[in-house]
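To be precise, the following lines are input-v5.pdb, and they hold PDB, C-alpha atoms, pLDDT in the B column.
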ATOM      1  CA  MET Q   1      -1.680   1.431  13.428  1.00 87.00           C
ATOM      2  CA  ILE Q   2      -3.453   4.722  12.802  1.00 93.00           C
ATOM      3  CA  ALA Q   3      -1.662   6.749  10.127  1.00 96.00           C
ATOM      4  CA  ASP Q   4      -2.346  10.187   8.639  1.00 97.00           C
ATOM      5  CA  LEU Q   5      -1.278  11.895   5.452  1.00 98.00           C
ATOM      6  CA  HIS Q   6      -2.015  15.480   4.398  1.00 98.00           C
ATOM      7  CA  ILE Q   7      -0.782  17.018   1.160  1.00 98.00           C
ATOM      8  CA  GLN Q   8      -1.432  20.537  -0.130  1.00 98.00           C
ATOM      9  CA  ALA Q   9      -0.378  21.738  -3.582  1.00 98.00           C
ATOM     10  CA  ALA Q  10      -0.302  25.357  -4.739  1.00 98.00           C
ATOM     11  CA  LEU Q  11       0.732  27.345  -7.798  1.00 97.00           C
ATOM     12  CA  ARG Q  12       3.838  29.480  -8.145  1.00 96.00           C
ATOM     13  CA  GLY Q  13       3.690  31.170 -11.526  1.00 94.00           C
ATOM     14  CA  SER Q  14       2.735  28.306 -13.823  1.00 94.00           C
ATOM     15  CA  VAL Q  15       4.445  25.608 -11.745  1.00 97.00           C
ATOM     16  CA  THR Q  16       2.729  23.491  -9.076  1.00 98.00           C
ATOM     17  CA  TYR Q  17       4.720  23.090  -5.871  1.00 97.00           C
ATOM     18  CA  LEU Q  18       4.285  21.165  -2.631  1.00 97.00           C
ATOM     19  CA  LYS Q  19       2.875  23.702  -0.196  1.00 97.00           C
ATOM     20  CA  LYS Q  20       2.397  21.310   2.715  1.00 95.00           C
ATOM     21  CA  SER Q  21       3.327  17.730   3.446  1.00 96.00           C
ATOM     22  CA  TYR Q  22       2.418  16.095   6.746  1.00 97.00           C
ATOM     23  CA  PHE Q  23       2.540  12.374   7.388  1.00 97.00           C
ATOM     24  CA  THR Q  24       2.918   9.881  10.194  1.00 97.00           C
ATOM     25  CA  THR Q  25       4.505   6.423  10.178  1.00 95.00           C
ATOM     26  CA  PRO Q  26       4.543   4.462   7.913  1.00 95.00           C
ATOM     27  CA  PHE Q  27       3.874   7.125   5.253  1.00 96.00           C
ATOM     28  CA  LYS Q  28       6.424   9.241   3.471  1.00 96.00           C
ATOM     29  CA  VAL Q  29       6.024  11.598   0.508  1.00 97.00           C
ATOM     30  CA  ALA Q  30       8.827  12.228  -1.985  1.00 96.00           C
ATOM     31  CA  ASN Q  31       8.917  14.903  -4.682  1.00 96.00           C
ATOM     32  CA  ILE Q  32      10.118  13.032  -7.784  1.00 96.00           C
ATOM     33  CA  THR Q  33       9.630  15.877 -10.276  1.00 95.00           C
ATOM     34  CA  GLU Q  34      12.739  15.819 -12.472  1.00 91.00           C
ATOM     35  CA  ASP Q  35      12.132  19.032 -14.417  1.00 90.00           C
ATOM     36  CA  LYS Q  36      11.487  21.750 -11.852  1.00 83.00           C
ATOM     37  CA  GLN Q  37       9.999  23.957 -14.588  1.00 89.00           C
ATOM     38  CA  GLU Q  38       7.383  21.347 -15.438  1.00 93.00           C
ATOM     39  CA  PRO Q  39       3.863  22.564 -14.582  1.00 96.00           C
ATOM     40  CA  THR Q  40       2.917  19.210 -13.012  1.00 97.00           C
ATOM     41  CA  LEU Q  41       4.053  18.249  -9.522  1.00 98.00           C
ATOM     42  CA  ARG Q  42       5.020  14.563  -9.382  1.00 97.00           C
ATOM     43  CA  LEU Q  43       4.910  12.906  -5.992  1.00 98.00           C
ATOM     44  CA  MET Q  44       5.531   9.379  -4.774  1.00 98.00           C
ATOM     45  CA  LEU Q  45       3.624   7.974  -1.810  1.00 97.00           C
ATOM     46  CA  MET Q  46       5.893   5.562   0.052  1.00 95.00           C
ATOM     47  CA  SER Q  47       5.402   3.318   3.072  1.00 94.00           C
ATOM     48  CA  SER Q  48       7.872   1.717   5.460  1.00 93.00           C
ATOM     49  CA  SER Q  49       5.313  -0.991   6.249  1.00 93.00           C
ATOM     50  CA  PRO Q  50       5.361  -4.256   4.247  1.00 92.00           C
ATOM     51  CA  GLY Q  51       1.602  -3.872   3.810  1.00 95.00           C
ATOM     52  CA  ILE Q  52      -1.668  -3.226   5.587  1.00 97.00           C
ATOM     53  CA  LEU Q  53      -2.067  -5.156   8.839  1.00 97.00           C
ATOM     54  CA  ASP Q  54      -5.009  -6.090  11.027  1.00 97.00           C
ATOM     55  CA  GLY Q  55      -6.484  -2.995  12.692  1.00 97.00           C
ATOM     56  CA  ASP Q  56      -4.654  -0.471  10.491  1.00 97.00           C
ATOM     57  CA  ARG Q  57      -6.551   2.736   9.772  1.00 98.00           C
ATOM     58  CA  TYR Q  58      -5.201   5.098   7.159  1.00 98.00           C
ATOM     59  CA  GLN Q  59      -6.467   8.662   6.691  1.00 98.00           C
ATOM     60  CA  LEU Q  60      -5.351  10.508   3.551  1.00 98.00           C
ATOM     61  CA  LYS Q  61      -6.253  14.085   2.648  1.00 98.00           C
ATOM     62  CA  ILE Q  62      -5.079  15.817  -0.517  1.00 98.00           C
ATOM     63  CA  GLU Q  63      -5.880  19.443  -1.383  1.00 98.00           C
ATOM     64  CA  LEU Q  64      -5.134  21.059  -4.726  1.00 98.00           C
ATOM     65  CA  GLU Q  65      -5.439  24.817  -5.095  1.00 98.00           C
ATOM     66  CA  GLU Q  66      -6.677  26.532  -8.266  1.00 98.00           C
ATOM     67  CA  ASN Q  67      -5.071  25.482 -11.570  1.00 98.00           C
ATOM     68  CA  THR Q  68      -2.599  23.121  -9.920  1.00 98.00           C
ATOM     69  CA  SER Q  69      -1.606  19.796 -11.450  1.00 98.00           C
ATOM     70  CA  VAL Q  70      -0.517  16.786  -9.365  1.00 98.00           C
ATOM     71  CA  HIS Q  71       0.525  13.306 -10.449  1.00 98.00           C
ATOM     72  CA  LEU Q  72       0.658  10.941  -7.449  1.00 98.00           C
ATOM     73  CA  GLN Q  73       2.332   7.539  -7.662  1.00 97.00           C
ATOM     74  CA  THR Q  74       2.789   4.644  -5.262  1.00 97.00           C
ATOM     75  CA  GLN Q  75       6.008   2.791  -4.574  1.00 94.00           C
ATOM     76  CA  SER Q  76       4.857  -0.820  -4.777  1.00 94.00           C
ATOM     77  CA  TYR Q  77       1.952  -3.233  -4.651  1.00 96.00           C
ATOM     78  CA  GLN Q  78      -0.331  -2.869  -1.638  1.00 96.00           C
ATOM     79  CA  ARG Q  79      -0.417  -6.120   0.302  1.00 97.00           C
ATOM     80  CA  LEU Q  80      -3.296  -6.844   2.650  1.00 98.00           C
ATOM     81  CA  PHE Q  81      -2.087  -9.337   5.230  1.00 97.00           C
ATOM     82  CA  GLN Q  82      -4.025 -12.001   7.121  1.00 96.00           C
ATOM     83  CA  MET Q  83      -6.368 -10.457   9.669  1.00 97.00           C
ATOM     84  CA  GLU Q  84      -8.589 -11.468  12.541  1.00 96.00           C
ATOM     85  CA  LYS Q  85     -10.748  -8.358  12.178  1.00 96.00           C
ATOM     86  CA  THR Q  86     -10.312  -5.748   9.450  1.00 97.00           C
ATOM     87  CA  ALA Q  87      -8.377  -2.701   8.234  1.00 98.00           C
ATOM     88  CA  SER Q  88      -9.527   0.466   6.492  1.00 98.00           C
ATOM     89  CA  GLN Q  89      -8.443   3.464   4.452  1.00 98.00           C
ATOM     90  CA  GLN Q  90     -10.187   6.806   3.906  1.00 98.00           C
ATOM     91  CA  MET Q  91      -8.956   9.149   1.171  1.00 98.00           C
ATOM     92  CA  ASP Q  92     -10.424  12.615   0.532  1.00 98.00           C
ATOM     93  CA  VAL Q  93      -9.187  14.624  -2.447  1.00 98.00           C
ATOM     94  CA  HIS Q  94     -10.273  18.263  -2.925  1.00 98.00           C
ATOM     95  CA  LEU Q  95      -9.724  19.920  -6.299  1.00 98.00           C
ATOM     96  CA  SER Q  96     -10.198  23.682  -6.590  1.00 98.00           C
ATOM     97  CA  HIS Q  97     -11.184  25.340  -9.863  1.00 97.00           C
ATOM     98  CA  GLY Q  98      -9.038  24.223 -12.793  1.00 97.00           C
ATOM     99  CA  ALA Q  99      -7.027  21.654 -10.814  1.00 98.00           C
ATOM    100  CA  SER Q 100      -5.887  18.301 -12.237  1.00 98.00           C
ATOM    101  CA  PHE Q 101      -5.183  15.082 -10.328  1.00 98.00           C
ATOM    102  CA  ASN Q 102      -3.783  11.791 -11.615  1.00 98.00           C
ATOM    103  CA  PHE Q 103      -3.560   8.786  -9.273  1.00 98.00           C
ATOM    104  CA  LEU Q 104      -3.120   5.206 -10.480  1.00 98.00           C
ATOM    105  CA  PRO Q 105      -1.881   3.240  -7.453  1.00 98.00           C
ATOM    106  CA  HIS Q 106      -0.238  -0.155  -7.744  1.00 97.00           C
ATOM    107  CA  PRO Q 107      -2.520  -3.225  -7.545  1.00 98.00           C
ATOM    108  CA  SER Q 108      -3.898  -4.444  -4.222  1.00 98.00           C
ATOM    109  CA  VAL Q 109      -3.049  -8.028  -3.217  1.00 98.00           C
ATOM    110  CA  PRO Q 110      -5.387  -9.416  -0.532  1.00 98.00           C
ATOM    111  CA  HIS Q 111      -3.760 -12.326   1.289  1.00 97.00           C
ATOM    112  CA  ALA Q 112      -5.779 -15.225   2.643  1.00 97.00           C
ATOM    113  CA  ALA Q 113      -8.163 -14.241   5.483  1.00 97.00           C
ATOM    114  CA  SER Q 114      -7.665 -10.498   4.909  1.00 98.00           C
ATOM    115  CA  SER Q 115     -10.523  -8.001   5.231  1.00 98.00           C
ATOM    116  CA  PHE Q 116     -10.269  -4.445   3.943  1.00 98.00           C
ATOM    117  CA  PHE Q 117     -12.524  -1.424   3.419  1.00 98.00           C
ATOM    118  CA  THR Q 118     -11.439   1.603   1.420  1.00 98.00           C
ATOM    119  CA  HIS Q 119     -13.442   4.755   0.729  1.00 98.00           C
ATOM    120  CA  SER Q 120     -12.175   7.334  -1.754  1.00 98.00           C
ATOM    121  CA  ARG Q 121     -13.969  10.661  -2.144  1.00 98.00           C
ATOM    122  CA  PHE Q 122     -13.161  13.262  -4.770  1.00 98.00           C
ATOM    123  CA  PHE Q 123     -14.548  16.781  -4.463  1.00 98.00           C
ATOM    124  CA  LEU Q 124     -14.206  18.691  -7.744  1.00 98.00           C
ATOM    125  CA  SER Q 125     -14.913  22.319  -8.513  1.00 96.00           C
ATOM    126  CA  GLY Q 126     -15.429  23.630 -12.042  1.00 90.00           C
ATOM    127  CA  ASN Q 127     -13.103  22.806 -14.947  1.00 94.00           C
ATOM    128  CA  CYS Q 128     -11.219  20.085 -13.059  1.00 97.00           C
ATOM    129  CA  THR Q 129      -9.534  16.983 -14.450  1.00 97.00           C
ATOM    130  CA  LEU Q 130      -9.538  13.653 -12.625  1.00 98.00           C
ATOM    131  CA  LEU Q 131      -7.763  10.438 -13.606  1.00 98.00           C
ATOM    132  CA  TYR Q 132      -8.113   7.649 -11.070  1.00 98.00           C
ATOM    133  CA  GLY Q 133      -7.873   3.897 -11.258  1.00 97.00           C
ATOM    134  CA  GLU Q 134      -7.439   0.807  -9.164  1.00 97.00           C
ATOM    135  CA  VAL Q 135      -6.443  -2.801  -9.777  1.00 98.00           C
ATOM    136  CA  LEU Q 136      -7.546  -5.664  -7.541  1.00 98.00           C
ATOM    137  CA  THR Q 137      -5.958  -9.100  -7.743  1.00 97.00           C
ATOM    138  CA  CYS Q 138      -7.358 -12.416  -6.567  1.00 96.00           C
ATOM    139  CA  GLY Q 139      -4.562 -12.707  -3.980  1.00 96.00           C
ATOM    140  CA  ARG Q 140      -1.196 -14.431  -4.100  1.00 95.00           C
ATOM    141  CA  LYS Q 141      -2.010 -16.474  -7.171  1.00 90.00           C
ATOM    142  CA  LEU Q 142       1.298 -18.344  -7.368  1.00 87.00           C
ATOM    143  CA  ASN Q 143       0.853 -19.406  -3.718  1.00 89.00           C
ATOM    144  CA  GLY Q 144      -2.536 -20.881  -4.505  1.00 89.00           C
ATOM    145  CA  GLU Q 145      -4.395 -18.119  -2.632  1.00 92.00           C
ATOM    146  CA  ILE Q 146      -7.025 -17.461  -5.283  1.00 95.00           C
ATOM    147  CA  PHE Q 147      -9.984 -15.624  -3.747  1.00 96.00           C
ATOM    148  CA  MET Q 148      -9.109 -16.766  -0.239  1.00 96.00           C
ATOM    149  CA  PHE Q 149      -9.527 -13.322   1.349  1.00 97.00           C
ATOM    150  CA  LYS Q 150     -12.539 -12.681   3.575  1.00 97.00           C
ATOM    151  CA  LYS Q 151     -13.727  -9.357   2.231  1.00 97.00           C
ATOM    152  CA  TYR Q 152     -12.697  -6.492  -0.001  1.00 98.00           C
ATOM    153  CA  HIS Q 153     -14.956  -3.441  -0.133  1.00 98.00           C
ATOM    154  CA  SER Q 154     -14.076  -0.352  -2.157  1.00 98.00           C
ATOM    155  CA  ILE Q 155     -16.321   2.706  -2.526  1.00 98.00           C
ATOM    156  CA  THR Q 156     -15.476   5.641  -4.783  1.00 98.00           C
ATOM    157  CA  ASP Q 157     -17.557   8.830  -4.693  1.00 98.00           C
ATOM    158  CA  VAL Q 158     -17.046  11.774  -7.041  1.00 98.00           C
ATOM    159  CA  TYR Q 159     -18.684  15.136  -6.322  1.00 97.00           C
ATOM    160  CA  VAL Q 160     -18.747  18.126  -8.674  1.00 96.00           C
ATOM    161  CA  ASN Q 161     -19.653  21.439  -7.030  1.00 95.00           C
ATOM    162  CA  GLY Q 162     -21.111  19.542  -4.083  1.00 95.00           C
ATOM    163  CA  LYS Q 163     -23.274  17.184  -6.157  1.00 96.00           C
ATOM    164  CA  LEU Q 164     -22.652  13.433  -6.233  1.00 97.00           C
ATOM    165  CA  VAL Q 165     -22.168  12.576  -9.915  1.00 96.00           C
ATOM    166  CA  LEU Q 166     -20.462   9.192  -9.757  1.00 96.00           C
ATOM    167  CA  LYS Q 167     -20.410   6.300  -7.312  1.00 96.00           C
ATOM    168  CA  GLU Q 168     -18.582   3.000  -7.609  1.00 96.00           C
ATOM    169  CA  ASN Q 169     -19.257   0.256  -5.073  1.00 96.00           C
ATOM    170  CA  LEU Q 170     -17.118  -2.874  -5.319  1.00 96.00           C
ATOM    171  CA  LEU Q 171     -17.853  -5.572  -2.744  1.00 96.00           C
ATOM    172  CA  MET Q 172     -16.189  -8.975  -2.942  1.00 96.00           C
ATOM    173  CA  GLN Q 173     -16.823 -11.706  -0.359  1.00 96.00           C
ATOM    174  CA  PRO Q 174     -15.565 -15.062  -1.630  1.00 95.00           C
ATOM    175  CA  GLU Q 175     -17.019 -16.896   1.390  1.00 91.00           C
ATOM    176  CA  THR Q 176     -20.566 -15.923   0.405  1.00 93.00           C
ATOM    177  CA  THR Q 177     -20.275 -15.429  -3.375  1.00 91.00           C
ATOM    178  CA  ASN Q 178     -18.642 -17.677  -5.952  1.00 90.00           C
ATOM    179  CA  LEU Q 179     -16.601 -15.055  -7.772  1.00 90.00           C
ATOM    180  CA  GLN Q 180     -15.860 -17.401 -10.655  1.00 87.00           C
ATOM    181  CA  ALA Q 181     -19.506 -18.255 -11.288  1.00 87.00           C
ATOM    182  CA  MET Q 182     -21.510 -17.204 -14.344  1.00 84.00           C
ATOM    183  CA  GLY Q 183     -22.240 -13.494 -14.157  1.00 84.00           C
ATOM    184  CA  GLN Q 184     -19.318 -12.864 -11.801  1.00 90.00           C
ATOM    185  CA  LEU Q 185     -15.659 -12.818 -12.878  1.00 92.00           C
ATOM    186  CA  GLU Q 186     -16.040 -16.300 -14.395  1.00 91.00           C
ATOM    187  CA  SER Q 187     -12.579 -17.383 -15.631  1.00 93.00           C
ATOM    188  CA  TYR Q 188     -10.871 -14.054 -14.833  1.00 96.00           C
ATOM    189  CA  THR Q 189      -8.963 -13.380 -11.615  1.00 97.00           C
ATOM    190  CA  HIS Q 190      -7.955  -9.703 -11.791  1.00 97.00           C
ATOM    191  CA  GLN Q 191      -9.921  -6.541 -12.414  1.00 97.00           C
ATOM    192  CA  ALA Q 192      -9.176  -2.896 -13.052  1.00 98.00           C
ATOM    193  CA  SER Q 193     -11.305   0.231 -13.097  1.00 98.00           C
ATOM    194  CA  PHE Q 194     -10.510   3.669 -14.523  1.00 98.00           C
ATOM    195  CA  ILE Q 195     -12.277   7.009 -14.102  1.00 98.00           C
ATOM    196  CA  TYR Q 196     -11.662  10.089 -16.246  1.00 97.00           C
ATOM    197  CA  LEU Q 197     -13.571  13.342 -15.846  1.00 97.00           C
ATOM    198  CA  ASN Q 198     -13.044  16.601 -17.716  1.00 96.00           C
ATOM    199  CA  GLU Q 199     -15.697  19.101 -18.778  1.00 91.00           C
ATOM    200  CA  GLN Q 200     -14.006  20.052 -22.048  1.00 91.00           C
ATOM    201  CA  SER Q 201     -12.665  16.760 -23.432  1.00 92.00           C
ATOM    202  CA  ASP Q 202     -13.822  15.163 -26.666  1.00 94.00           C
ATOM    203  CA  VAL Q 203     -15.191  12.035 -25.001  1.00 94.00           C
ATOM    204  CA  LYS Q 204     -16.224  10.364 -28.260  1.00 94.00           C
ATOM    205  CA  MET Q 205     -12.743  10.643 -29.736  1.00 95.00           C
ATOM    206  CA  LEU Q 206     -11.060   9.470 -26.519  1.00 96.00           C
ATOM    207  CA  THR Q 207     -13.426   6.512 -26.211  1.00 96.00           C
ATOM    208  CA  THR Q 208     -12.422   5.419 -29.703  1.00 97.00           C
ATOM    209  CA  LYS Q 209      -8.733   5.646 -28.793  1.00 97.00           C
ATOM    210  CA  ILE Q 210      -9.223   3.600 -25.625  1.00 97.00           C
ATOM    211  CA  ASP Q 211     -11.174   0.971 -27.548  1.00 97.00           C
ATOM    212  CA  GLU Q 212      -8.394   0.739 -30.139  1.00 97.00           C
ATOM    213  CA  LEU Q 213      -5.785   0.319 -27.395  1.00 97.00           C
ATOM    214  CA  LEU Q 214      -7.647  -2.347 -25.426  1.00 97.00           C
ATOM    215  CA  SER Q 215      -8.795  -4.302 -28.479  1.00 97.00           C
ATOM    216  CA  GLN Q 216      -5.150  -5.097 -29.266  1.00 95.00           C
ATOM    217  CA  GLN Q 217      -4.573  -6.759 -25.872  1.00 95.00           C
ATOM    218  CA  GLU Q 218      -4.738 -10.505 -25.276  1.00 95.00           C
ATOM    219  CA  GLY Q 219      -6.296 -12.252 -22.292  1.00 96.00           C
ATOM    220  CA  ILE Q 220      -8.650  -9.453 -21.237  1.00 97.00           C
ATOM    221  CA  VAL Q 221     -12.264  -8.410 -21.594  1.00 97.00           C
ATOM    222  CA  TYR Q 222     -13.335  -4.801 -21.127  1.00 97.00           C
ATOM    223  CA  GLY Q 223     -16.160  -2.327 -21.159  1.00 97.00           C
ATOM    224  CA  ILE Q 224     -16.214   1.428 -21.769  1.00 97.00           C
ATOM    225  CA  THR Q 225     -19.054   3.727 -20.777  1.00 96.00           C
ATOM    226  CA  THR Q 226     -19.770   7.408 -20.213  1.00 93.00           C
ATOM    227  CA  PRO Q 227     -21.366   8.826 -17.040  1.00 91.00           C
ATOM    228  CA  GLN Q 228     -23.945  11.600 -16.888  1.00 87.00           C
ATOM    229  CA  ILE Q 229     -21.168  14.177 -16.880  1.00 92.00           C
ATOM    230  CA  ASN Q 230     -18.366  14.580 -19.414  1.00 95.00           C
ATOM    231  CA  GLY Q 231     -16.070  11.650 -18.727  1.00 96.00           C
ATOM    232  CA  ILE Q 232     -15.209   8.007 -19.328  1.00 97.00           C
ATOM    233  CA  LEU Q 233     -15.398   4.867 -17.203  1.00 97.00           C
ATOM    234  CA  VAL Q 234     -13.437   1.734 -18.071  1.00 98.00           C
ATOM    235  CA  ARG Q 235     -13.595  -1.736 -16.526  1.00 97.00           C
ATOM    236  CA  VAL Q 236     -11.104  -4.451 -17.472  1.00 98.00           C
ATOM    237  CA  LEU Q 237     -10.919  -8.110 -16.436  1.00 98.00           C
ATOM    238  CA  GLY Q 238      -7.758 -10.119 -16.896  1.00 97.00           C
ATOM    239  CA  HIS Q 239      -5.298 -12.578 -15.397  1.00 96.00           C
ATOM    240  CA  LYS Q 240      -2.201 -10.477 -14.674  1.00 96.00           C
ATOM    241  CA  ALA Q 241      -1.850  -7.513 -12.316  1.00 97.00           C
ATOM    242  CA  GLU Q 242       1.095  -5.958 -14.128  1.00 97.00           C
ATOM    243  CA  GLN Q 243      -0.725  -6.085 -17.460  1.00 98.00           C
ATOM    244  CA  LEU Q 244      -3.778  -4.298 -16.059  1.00 98.00           C
ATOM    245  CA  HIS Q 245      -1.723  -1.677 -14.223  1.00 98.00           C
ATOM    246  CA  THR Q 246       0.278  -0.976 -17.378  1.00 98.00           C
ATOM    247  CA  LEU Q 247      -2.940  -0.671 -19.374  1.00 97.00           C
ATOM    248  CA  LEU Q 248      -4.318   1.951 -16.976  1.00 97.00           C
ATOM    249  CA  LYS Q 249      -1.136   3.983 -17.386  1.00 97.00           C
ATOM    250  CA  GLU Q 250      -1.334   3.661 -21.175  1.00 97.00           C
ATOM    251  CA  ILE Q 251      -4.948   4.810 -21.083  1.00 97.00           C
ATOM    252  CA  ALA Q 252      -3.944   7.802 -18.926  1.00 96.00           C
ATOM    253  CA  ASN Q 253      -1.223   8.698 -21.445  1.00 94.00           C
ATOM    254  CA  LEU Q 254      -3.917   9.150 -24.085  1.00 94.00           C
ATOM    255  CA  PHE Q 255      -5.141  12.211 -22.197  1.00 89.00           C
ATOM    256  CA  ASN Q 256      -1.796  14.039 -22.402  1.00 74.00           C
ATOM    257  CA  PHE Q 257      -1.749  14.623 -18.641  1.00 64.00           C
TER     258      PHE Q 257
END
Encoded form using structure tokens:
Amino acid sequence: MIADLHIQAALRGSVTYLKKSYFTTPFKVANITEDKQEPTLRLMLMSSSPGILDGDRYQLKIELEENTSVHLQTQSYQRLFQMEKTASQQMDVHLSHGASFNFLPHPSVPHAASSFFTHSRFFLSGNCTLLYGEVLTCGRKLNGEIFMFKKYHSITDVYVNGKLVLKENLLMQPETTNLQAMGQLESYTHQASFIYLNEQSDVKMLTTKIDELLSQQEGIVYGITTPQINGILVRVLGHKAEQLHTLLKEIANLFNF
């Protein structure tokens, strides 16, 4: 299945509204903003499909006009079903000057013999805010499908004023690499990554807050670093998808988005 999604957000006064929403099956976009006077537009990305199937190709494009603020959520975990070939997703997000975007999708669950490639590109202008994270599980752990997928490849590119400032490249191929070996995930089965960029934030103070939050958690190991631009990168390894997803949301709450 080839599916498309196109969202445009604009500003009316001080309130962000949904200017355009186009989608094809299985996508659907719902406006879940409870307070219509709230500056932030809250959207939920839903799907009528039980998950991503062999041969699926998803194309997502999101455009935020100047000074808009969008918080995008997903409805449920993203399941990657057994495949003979592969499936893919391309997401392009364009932020005009002063725009803010928060997207922490539910964890991905690659079933046995699944193969998936996802490429997310963020194009930021000046004074933008980006919060983005992803959680990858080992598969259906309770079914005994621990690292039984064929391939999972996720690339994240962040551009600021046309310049590539951040690139994440996650490639996992259990058939060729022992993911539980020394120097790999070792005893951990789940991983999460978090990206925060903002030109004006007090990165040192926020890093301390994130460290305090994560240091109180059990069953995880984590690392916090800063890129060449004003921002924070976090990587967390653990054993439970819900725990990691909740942690990303708690980290995001520290930024008062």
**OP:** Pick out the residues sitting within 12 Å of segment 200-202 of chain Q, and hand them over as an NGL selection string; count all atoms listed in the file, and ignore anything fewer than 3 positions along from it in its own chain.
**Re:** :Q and (98 or 126-130 or 196-197 or 205-209 or 226 or 229-232 or 254-256)
Subject >> Given the PyMOL selection byres ((chain Q and resi 25) around 9), the residues it picks as a VMD selection string >> reply: chain Q and resid 1 to 4 23 to 24 26 to 28 47 to 49
Original post:
Could you state the separation of atom CA of Ser96 of chain Q and atom CA of Thr68 of chain Q in Å, given to one decimal place?
Top reply: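 Answer for the atom CA of Ser96 of chain Q to atom CA of Thr68 of chain Q separation: 8.3 Å.
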Original post:
Counting all atoms listed in the file, which of Q:Ala87, Q:Val29, Q:Leu247, Q:Leu171 gets nearest to Gln216 of chain Q?
Top reply: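 Among the listed residues, Q:Leu247 lies closest to Gln216 of chain Q.
Taking atom CA of Leu11 of chain Q as the reference point, atom CA of Ile251 of chain Q is found at 26.8 Å.
Counting only C-alpha atoms, segment 217-223 of chain Q has the following residues at most 9 Å away, ignoring those fewer than 6 positions along the same chain: Tyr188, Asp211, Leu233, Val234, Arg235, Val236, Leu237, Gly238, His239, Lys240 and Leu244 of chain Q.
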Can you tell me, as a PDB file with C-alpha atoms, in the frame of the given file, what residues are no more than 9 Å from Asp92 of chain Q when counting all atoms listed in the file, ignoring any on the same chain fewer than 5 positions away?
ATOM      1  CA  GLN Q  59      -6.467   8.662   6.691  1.00 98.00           C
ATOM      2  CA  LEU Q  60      -5.351  10.508   3.551  1.00 98.00           C
ATOM      3  CA  LYS Q  61      -6.253  14.085   2.648  1.00 98.00           C
ATOM      4  CA  ILE Q  62      -5.079  15.817  -0.517  1.00 98.00           C
ATOM      5  CA  GLU Q  63      -5.880  19.443  -1.383  1.00 98.00           C
ATOM      6  CA  HIS Q 119     -13.442   4.755   0.729  1.00 98.00           C
ATOM      7  CA  SER Q 120     -12.175   7.334  -1.754  1.00 98.00           C
ATOM      8  CA  ARG Q 121     -13.969  10.661  -2.144  1.00 98.00           C
ATOM      9  CA  PHE Q 122     -13.161  13.262  -4.770  1.00 98.00           C
ATOM     10  CA  PHE Q 123     -14.548  16.781  -4.463  1.00 98.00           C
TER      11      PHE Q 123
END
**OP:** Counting all atoms listed in the file, figure out which residue out of Q:His97, Q:Ser21, Q:Pro39, Q:Ala113 gets nearest to Leu53 of chain Q.
**Re:** Q:Ala113
